[in-house]
$ cat structure.txt   # compact mmCIF, C-alpha atoms
# COMPACT_ATOMS: atom_id res chain seq x y z
CA MET G 292 0.00 0.00 0.00
CA ARG G 293 1.44 3.36 -1.05
CA THR G 294 1.76 5.94 1.74
CA PRO G 295 2.43 9.69 1.57
CA LEU G 296 5.97 9.06 2.81
CA SER G 297 6.67 6.45 0.16
CA TRP G 298 5.29 8.83 -2.48
CA ALA G 299 7.53 11.63 -1.22
CA ALA G 300 10.54 9.31 -1.05
CA GLY G 301 10.16 8.66 -4.77
CA ARG G 302 10.37 12.38 -5.56
CA PHE G 303 12.57 13.98 -2.91
CA ALA G 304 15.86 13.03 -1.31
CA LEU G 305 17.67 14.43 1.73
CA GLY G 306 21.26 14.15 2.85
CA PRO G 307 22.48 12.52 6.08
CA ARG G 308 22.93 15.90 7.75
CA SER G 309 19.16 16.43 7.90
CA VAL G 310 18.45 13.24 9.83
CA ARG G 311 21.53 13.80 11.99
CA TRP G 312 20.18 17.18 13.13
CA ALA G 313 16.66 15.82 13.59
CA ALA G 314 17.84 12.88 15.71
CA ALA G 315 20.06 15.11 17.86
CA THR G 316 17.16 17.52 18.38
CA SER G 317 14.95 14.64 19.54
CA VAL G 318 17.53 13.77 22.20
CA VAL G 319 17.53 17.36 23.46
CA ALA G 320 13.72 17.47 23.44
CA SER G 321 13.53 14.19 25.37
CA ILE G 322 15.82 15.63 28.03
CA ALA G 323 13.62 18.74 28.12
CA ILE G 324 10.59 16.52 28.82
CA VAL G 325 12.36 15.07 31.87
CA VAL G 326 13.33 18.52 33.15
CA GLY G 327 9.86 19.91 32.42
CA GLY G 328 8.29 17.20 34.53
CA GLY G 329 10.65 18.17 37.34
CA VAL G 330 9.60 21.82 37.11
CA VAL G 331 5.94 20.76 37.35
CA ARG G 332 6.69 18.67 40.42
CA VAL G 333 8.81 21.09 42.45
CA THR G 334 6.45 24.00 41.78
CA GLY G 335 3.46 21.97 42.95
CA SER G 336 1.75 22.30 39.56
CA GLY G 337 0.96 18.64 38.92
CA LEU G 338 -2.78 19.27 39.16
CA GLY G 339 -2.64 22.78 37.72
CA CYS G 340 -4.81 21.27 34.98
CA PRO G 341 -7.07 18.97 37.00
CA GLU G 342 -8.32 16.97 34.00
CA TRP G 343 -6.81 15.18 31.00
CA PRO G 344 -6.69 15.48 28.00
CA MET G 345 -8.62 18.72 28.56
CA CYS G 346 -7.26 21.12 31.15
CA THR G 347 -10.69 21.37 32.75
CA THR G 348 -14.04 19.76 31.97
CA GLY G 349 -14.90 22.54 29.53
CA THR G 350 -11.60 24.06 28.38
CA LEU G 351 -8.49 22.78 26.64
CA ALA G 352 -6.25 25.54 28.01
CA PRO G 353 -6.05 26.81 31.60
CA THR G 354 -8.14 29.78 32.67
CA SER G 355 -6.80 32.87 34.37
CA GLU G 356 -8.22 31.64 37.70
CA MET G 357 -5.80 28.69 37.62
CA GLY G 358 -2.86 31.05 37.90
CA LEU G 359 0.78 30.03 37.51
CA HIS G 360 0.22 26.36 38.35
CA GLY G 361 -2.18 25.94 35.45
CA ALA G 362 0.21 27.70 33.07
CA ILE G 363 3.15 25.51 34.12
CA GLU G 364 1.23 22.24 33.77
CA PHE G 365 -0.27 23.26 30.43
CA GLY G 366 3.16 24.38 29.21
CA ASN G 367 4.51 20.93 29.99
CA ARG G 368 1.68 19.39 27.96
CA LEU G 369 2.51 21.67 25.05
CA LEU G 370 6.13 20.50 25.26
CA THR G 371 4.86 16.99 24.49
CA GLY G 372 3.24 18.40 21.36
CA VAL G 373 6.54 19.96 20.33
CA LEU G 374 8.24 16.61 20.88
CA CYS G 375 5.68 14.93 18.60
CA VAL G 376 6.58 17.38 15.84
CA ILE G 377 10.30 16.72 16.33
CA VAL G 378 9.85 12.94 16.27
CA GLY G 379 7.77 13.34 13.11
CA TRP G 380 10.68 15.31 11.67
CA VAL G 381 13.00 12.38 12.45
CA VAL G 382 10.62 9.93 10.74
CA VAL G 383 10.36 12.08 7.60
CA THR G 384 14.08 12.81 7.28
CA ALA G 385 14.97 9.15 7.84
CA ARG G 386 12.46 8.02 5.21
CA LEU G 387 13.63 10.52 2.59
CA GLN G 388 17.33 9.61 2.68
CA ARG G 389 19.12 8.89 -0.58
CA ARG G 390 20.59 5.80 1.05
CA PRO G 391 18.07 3.84 3.13
CA MET G 392 18.51 4.03 6.91
CA PRO G 393 16.17 1.28 8.18
CA ALA G 394 17.66 1.25 11.69
CA VAL G 395 17.15 5.01 12.06
CA LEU G 396 13.60 4.74 10.74
CA ARG G 397 12.79 1.95 13.21
CA GLY G 398 14.19 4.05 16.03
CA ALA G 399 12.15 7.06 14.96
CA TRP G 400 8.91 5.07 14.93
CA ALA G 401 9.83 3.59 18.30
CA GLN G 402 10.13 7.14 19.65
CA PHE G 403 6.71 7.98 18.24
CA TRP G 404 5.01 5.11 20.06
CA VAL G 405 6.87 5.82 23.30
CA VAL G 406 5.69 9.45 23.08
CA VAL G 407 2.13 8.10 22.85
CA LEU G 408 2.79 5.84 25.85
CA ASN G 409 4.27 8.73 27.82
CA ALA G 410 1.24 10.93 27.10
CA LEU G 411 -1.16 8.19 28.22
CA VAL G 412 0.79 7.60 31.44
CA GLY G 413 0.72 11.36 32.01
CA GLY G 414 -3.05 11.29 31.70
CA VAL G 415 -3.30 8.42 34.18
CA THR G 416 -1.07 10.42 36.53
CA VAL G 417 -3.64 13.23 36.55
CA TRP G 418 -6.58 10.83 36.89
CA MET G 419 -4.87 9.09 39.83
CA ARG G 420 -4.29 12.48 41.50
CA LEU G 421 -0.49 12.18 41.38
CA SER G 422 -0.10 8.71 42.88
CA PRO G 423 3.67 8.46 43.50
CA TYR G 424 3.79 5.07 41.79
CA VAL G 425 2.20 6.42 38.61
CA VAL G 426 4.45 9.49 38.77
CA ALA G 427 7.44 7.11 38.92
CA ALA G 428 6.06 5.21 35.91
CA HIS G 429 5.68 8.52 34.08
CA PHE G 430 9.34 9.35 34.71
CA LEU G 431 10.45 5.88 33.58
CA ALA G 432 8.37 6.25 30.40
CA ALA G 433 10.19 9.54 29.73
CA THR G 434 13.50 7.73 30.32
CA LEU G 435 12.43 5.03 27.85
CA LEU G 436 11.76 7.77 25.30
CA LEU G 437 15.21 9.21 25.96
CA SER G 438 16.72 5.74 25.44
CA ALA G 439 15.00 5.42 22.05
CA ALA G 440 16.20 8.89 21.06
CA VAL G 441 19.82 8.13 22.00
CA TRP G 442 19.74 4.81 20.13
CA THR G 443 18.29 6.49 17.04
CA ARG G 444 20.93 9.21 17.08
CA HIS G 445 23.66 6.62 17.40
CA ALA G 446 22.25 4.67 14.46
CA VAL G 447 22.70 7.65 12.12
CA PRO G 448 25.86 7.17 10.00
CA ALA G 449 28.62 9.58 10.94
CA GLY G 450 29.44 10.43 7.31
CA ASP G 451 27.93 10.35 3.86
CA GLY G 452 29.42 6.97 3.13
CA GLY G 453 28.33 5.22 6.28
CA PRO G 454 29.51 4.89 9.86
CA VAL G 455 33.06 5.99 10.59
CA SER G 456 35.15 2.94 11.41
CA ASP G 457 38.53 2.65 13.02
CA LEU G 458 40.56 0.62 10.53
CA CYS G 459 43.61 0.12 12.74
CA PRO G 460 44.40 -3.59 12.95
CA ARG G 461 43.86 -5.02 16.41
CA ARG G 462 42.99 -8.21 18.18
CA PRO G 463 39.40 -9.42 18.47
CA PRO G 464 37.56 -7.60 21.28
CA ALA G 465 38.01 -8.97 24.79
CA ALA G 466 34.92 -10.07 26.68
CA ARG G 467 35.68 -8.18 29.89
CA HIS G 468 34.98 -4.68 28.63
CA ARG G 469 31.78 -5.89 26.95
CA SER G 470 30.65 -7.39 30.25
CA LEU G 471 31.57 -4.22 32.13
CA SER G 472 29.63 -2.04 29.68
CA TRP G 473 26.52 -4.20 30.13
CA ALA G 474 26.98 -4.05 33.91
CA LEU G 475 27.33 -0.27 33.69
CA VAL G 476 24.02 0.08 31.82
CA ALA G 477 22.21 -2.33 34.17
CA THR G 478 23.50 -0.66 37.33
CA THR G 479 22.72 2.82 35.98
CA ALA G 480 19.19 1.65 35.14
CA LEU G 481 18.79 0.39 38.71
CA LEU G 482 20.14 3.74 39.94
CA VAL G 483 17.43 5.54 37.95
CA VAL G 484 14.68 3.26 39.28
CA VAL G 485 15.80 3.71 42.89
CA GLY G 486 15.94 7.44 42.20
CA THR G 487 12.20 7.37 41.46
CA VAL G 488 11.62 5.67 44.82
CA THR G 489 13.73 8.35 46.52
CA THR G 490 11.63 11.01 44.83
CA GLY G 491 8.37 9.23 45.66
CA SER G 492 9.35 9.12 49.33
CA GLY G 493 10.49 12.74 49.49
CA PRO G 494 8.69 16.00 50.15
CA HIS G 495 8.08 17.18 46.57
CA ALA G 496 4.72 15.57 45.88
CA GLY G 497 3.95 17.49 42.70
CA ASP G 498 1.00 19.54 43.90
CA SER G 499 0.31 22.17 46.51
CA SER G 500 -2.33 19.95 48.11
CA ASP G 501 -1.66 16.97 50.37
CA VAL G 502 -0.57 14.12 48.08
CA ARG G 503 0.33 10.75 49.58
CA ARG G 504 3.92 9.54 49.34
CA MET G 505 5.58 6.14 49.06
CA PRO G 506 5.78 4.42 52.46
CA PHE G 507 9.58 4.24 52.61
CA ASP G 508 12.06 5.97 54.88
CA TRP G 509 13.50 8.73 52.73
CA ALA G 510 16.91 8.76 54.43
CA THR G 511 17.36 5.00 53.96
CA VAL G 512 16.35 5.09 50.30
CA THR G 513 18.64 8.07 49.72
CA VAL G 514 21.61 6.17 51.16
CA ALA G 515 20.82 3.18 48.91
CA HIS G 516 20.65 5.56 45.94
CA GLY G 517 24.06 6.96 46.87
CA VAL G 518 25.59 3.49 47.19
CA LEU G 519 24.34 2.60 43.71
CA ALA G 520 25.81 5.85 42.36
CA ALA G 521 29.16 4.88 43.87
CA ALA G 522 28.89 1.44 42.24
CA VAL G 523 28.28 3.07 38.86
CA LEU G 524 31.32 5.29 39.42
CA VAL G 525 33.53 2.27 40.21
CA LEU G 526 32.24 0.35 37.18
CA ALA G 527 32.90 3.29 34.87
CA GLY G 528 36.40 3.75 36.28
CA ARG G 529 37.17 0.06 35.87
CA LEU G 530 35.80 0.10 32.33
CA LEU G 531 38.05 3.02 31.40
CA ALA G 532 41.03 1.14 32.83
CA VAL G 533 40.45 -2.00 30.73
CA LEU G 534 39.41 -0.34 27.46
CA PRO G 535 42.18 -0.73 24.86
CA ARG G 536 43.67 2.51 23.63
CA GLU G 537 43.94 1.32 20.03
CA GLY G 538 40.63 1.29 18.23
CA TYR G 539 38.58 2.51 21.21
CA GLY G 540 39.38 6.22 21.23
CA ALA G 541 35.75 7.33 20.92
CA ALA G 542 34.63 4.88 23.62
CA ARG G 543 37.36 6.06 25.99
CA ARG G 544 36.50 9.74 25.44
CA THR G 545 32.82 9.02 26.02
CA THR G 546 33.65 7.14 29.23
CA VAL G 547 35.75 10.04 30.53
CA LEU G 548 32.89 12.45 29.81
CA PHE G 549 30.46 10.08 31.52
CA LEU G 550 32.65 10.01 34.63
CA ALA G 551 32.73 13.83 34.72
CA VAL G 552 28.93 14.04 34.42
CA LEU G 553 28.50 11.37 37.10
CA VAL G 554 30.75 13.21 39.56
CA ALA G 555 28.88 16.48 38.92
CA GLN G 556 25.56 14.70 39.40
CA GLY G 557 26.74 13.17 42.65
CA SER G 558 27.79 16.58 43.91
CA VAL G 559 24.36 18.04 43.15
CA GLY G 560 22.67 15.06 44.80
CA LEU G 561 24.75 15.42 47.94
CA PHE G 562 24.09 19.16 48.06
CA GLN G 563 20.32 18.79 47.73
CA SER G 564 20.21 16.07 50.39
CA LEU G 565 22.12 18.20 52.90
CA THR G 566 20.18 21.41 52.21
CA GLY G 567 16.58 20.20 52.43
CA LEU G 568 15.95 19.58 48.71
CA PRO G 569 15.75 23.13 47.33
CA ALA G 570 13.71 23.30 44.12
CA LEU G 571 16.53 24.46 41.85
CA ALA G 572 18.85 21.70 43.04
CA VAL G 573 16.12 19.11 42.45
CA ILE G 574 15.65 20.33 38.87
CA LEU G 575 19.41 20.25 38.27
CA HIS G 576 19.53 16.73 39.68
CA LEU G 577 16.77 15.65 37.27
CA LEU G 578 18.74 17.15 34.39
CA GLY G 579 21.79 15.29 35.66
CA SER G 580 19.89 12.00 35.86
CA ALA G 581 18.94 12.34 32.19
CA LEU G 582 22.54 13.15 31.23
CA VAL G 583 23.88 10.22 33.27
CA TRP G 584 21.51 7.81 31.54
CA VAL G 585 22.44 9.23 28.13
CA GLY G 586 26.10 8.85 29.06
CA ALA G 587 25.76 5.22 30.13
CA LEU G 588 23.95 4.34 26.90
CA ARG G 589 26.49 6.18 24.77
CA VAL G 590 29.40 4.40 26.46
CA HIS G 591 27.79 1.04 25.76
CA LEU G 592 26.91 1.92 22.16
CA GLU G 593 30.39 3.30 21.42
CA ILE G 594 31.96 0.10 22.75
CA ARG G 595 29.62 -2.02 20.65
CA ALA G 596 30.52 0.03 17.59
CA ALA G 597 34.24 -0.37 18.24
CA ASP G 598 33.83 -4.11 18.82
CA ALA G 599 32.05 -4.46 15.48
CA VAL G 600 34.99 -3.08 13.50
CA ARG G 601 36.92 -5.87 11.76
CA THR G 602 40.69 -5.88 11.39
CA VAL G 603 41.92 -5.10 7.88
CA PRO G 604 45.19 -5.91 6.11
CA TYR G 605 47.79 -3.21 6.04
CA ALA G 606 51.23 -2.73 4.48
CA GLY G 607 53.94 -4.62 6.32
CA ALA G 608 51.55 -6.90 8.17
CA GLY G 609 52.85 -10.32 9.04
CA ALA G 610 51.79 -13.41 7.10
CA ALA G 611 49.82 -14.77 10.03
CA HIS G 612 47.88 -11.52 10.28
CA GLY G 613 47.18 -11.51 6.53
CA GLU G 614 45.95 -15.09 6.63
CA ARG G 615 43.66 -14.31 9.57
CA VAL G 616 42.18 -11.26 7.86
CA GLY G 617 41.79 -13.10 4.57
CA GLY G 618 40.06 -15.98 6.30
CA ALA G 619 37.74 -13.60 8.11
CA ALA G 620 36.90 -11.79 4.88
CA ARG G 621 36.12 -15.04 3.07
CA GLY G 622 34.02 -16.19 6.03
$ encode --input "structure.txt" --output "structure tokens"
Amino acid sequence: MRTPLSWAAGRFALGPRSVRWAAATSVVASIAIVVGGGVVRVTGSGLGCPEWPMCTTGTLAPTSEMGLHGAIEFGNRLLTGVLCVIVGWVVVTARLQRRPMPAVLRGAWAQFWVVVLNALVGGVTVWMRLSPYVVAAHFLAATLLLSAAVWTRHAVPAGDGGPVSDLCPRRPPAARHRSLSWALVATTALLVVVGTVTTGSGPHAGDSSDVRRMPFDWATVTVAHGVLAAAVLVLAGRLLAVLPREGYGAARRTTVLFLAVLVAQGSVGLFQSLTGLPALAVILHLLGSALVWVGALRVHLEIRAADAVRTVPYAGAGAAHGERVGGAARG
């Protein structure tokens, strides 16, 4: 069945730069969704629009009587609309490429459906009057969207001729750094989940009214969250130590950047815990959580990309090396 996109693809063609910009913009917009949700929560605007999908029973937008809370909540809903437009931009640019990019197109459609999921969970959050468990699910749905955006951006070829590959000859990848990168992603994911429990047990309920919290001791959960953050730090440091220098330059640089972001995030987390969770620090910590998750995914994806590069013959290579490469090429 012919679709408008398939019709357009037969008549128009775009270069890789267009989809590269679109995919990068979707990552930024996904981070903005996470931060926007934090602004809604710390300002107590979660029920600024008491209904969903309408703001009230009879109006789509907030009325003047709803004040700042209504404006903040409605602004966050509008941000989801902006994200839909950006994801649509990714779908269109990926479909209209001169060279097909099926992986990018799959990632773009995955983002679209996760945006739909995130909007539905947001509606349930309003209907459930900001139940902390549904609020946590809403944050995790936003994190899932961010994951899809990062994966899609990584799938975009780095140049017009395809992904940039390191052609330096090297040994087959060792299993230990692959295992460490998987452990880094898994532990960071657990860190994010425990972070939602910390938030659900804390004082920022998301609305000016009395909203129930998760029945956990906030101090205990916060300590567990800090221990997990330390575990992520150790894993990242160990991963950097075992990553080969030859052929893994991008992965090493990404790991160093991840460590810097993680340390900064830990500093903000410690500050907010010791100062009674001021609103600005909470928002910065939410921004940091998004950047930490992006960093963990990018470290893993860069390592996978480096592992996928095959050794190639080069001038002056030994006979054994040439035979190995030739055998691999024939295989």
$ residues_around --input "structure.txt" --residues "Leu408 (chain G)" --least-positions-apart "4" --cutoff "8 Å" --atoms "all atoms listed in the file" --output "list in words"
Trp404, Val412 and Ala432 of chain G
$ write_last_selection --input "structure.txt" --atoms "C-alpha atoms" --output "PDB file, in the frame of the given file"
ATOM      1  CA  TRP G 404       5.010   5.110  20.060  1.00  0.00           C
ATOM      2  CA  VAL G 412       0.790   7.600  31.440  1.00  0.00           C
ATOM      3  CA  ALA G 432       8.370   6.250  30.400  1.00  0.00           C
TER       4      ALA G 432
END
$ closest_residue --input "structure.txt" --among "G:Ala466, G:Leu568, G:Gly517, G:Gly586" --to "Asp598 (chain G)" --atoms "only C-alpha atoms"
G:Ala466
$ closest_atom_pairs --input "structure.txt" --of "region 524-608 of chain G" --to "region 437-443 of chain G" --cutoff "9 Å" --atoms "all atoms listed in the file" --output "tab-separated table"
residue	atom	partner	partner_atom	distance
G:Ala581	CA	G:Leu437	CA	7.9
G:Trp584	CA	G:Ser438	CA	8.0
G:Val585	CA	G:Val441	CA	6.8
G:Leu588	CA	G:Val441	CA	7.4
G:Arg589	CA	G:Val441	CA	7.5
G:Leu592	CA	G:Trp442	CA	8.0
$ closest_residue --input "structure.txt" --among "G:Leu565, G:Leu550, G:Glu364, G:Leu531" --to "Thr513 (chain G)" --atoms "all atoms listed in the file"
G:Leu565
$ closest_residue --input "structure.txt" --among "G:Val381, G:Ala599, G:Val502, G:Val533" --to "Phe403 (chain G)" --atoms "only C-alpha atoms"
G:Val381
$ axis_aligned_box --input "structure.txt" --around "region 322-336 of chain G" --padding-each-side "4 Å" --output "JSON"
{"center_x": 8.8, "center_y": 19.5, "center_z": 35.5, "size_x": 22.1, "size_y": 16.9, "size_z": 22.9}
$ atom_distance --input "structure.txt" --atom1 "CA of Thr490 (chain G)" --atom2 "CA of Val426 (chain G)"
9.5 Å
$ closest_residue --input "structure.txt" --among "G:Thr354, G:Thr434, G:Thr511, G:Thr478" --to "Gln402 (chain G)" --atoms "all atoms listed in the file"
G:Thr434
$ closest_residue --input "structure.txt" --among "G:Pro344, G:Gly557, G:Gly528, G:Gly538" --to "Thr416 (chain G)" --atoms "all atoms listed in the file"
G:Pro344
$ closest_residue --input "structure.txt" --among "G:Leu387, G:Leu421, G:Ala320, G:Val395" --to "Pro341 (chain G)" --atoms "all atoms listed in the file"
G:Leu421
$ atom_distance --input "structure.txt" --atom1 "CA of Leu338 (chain G)" --atom2 "CA of Phe562 (chain G)"
28.3 Å
$ atom_distance --input "structure.txt" --atom1 "CA of Gly486 (chain G)" --atom2 "CA of Ile324 (chain G)"
17.0 Å
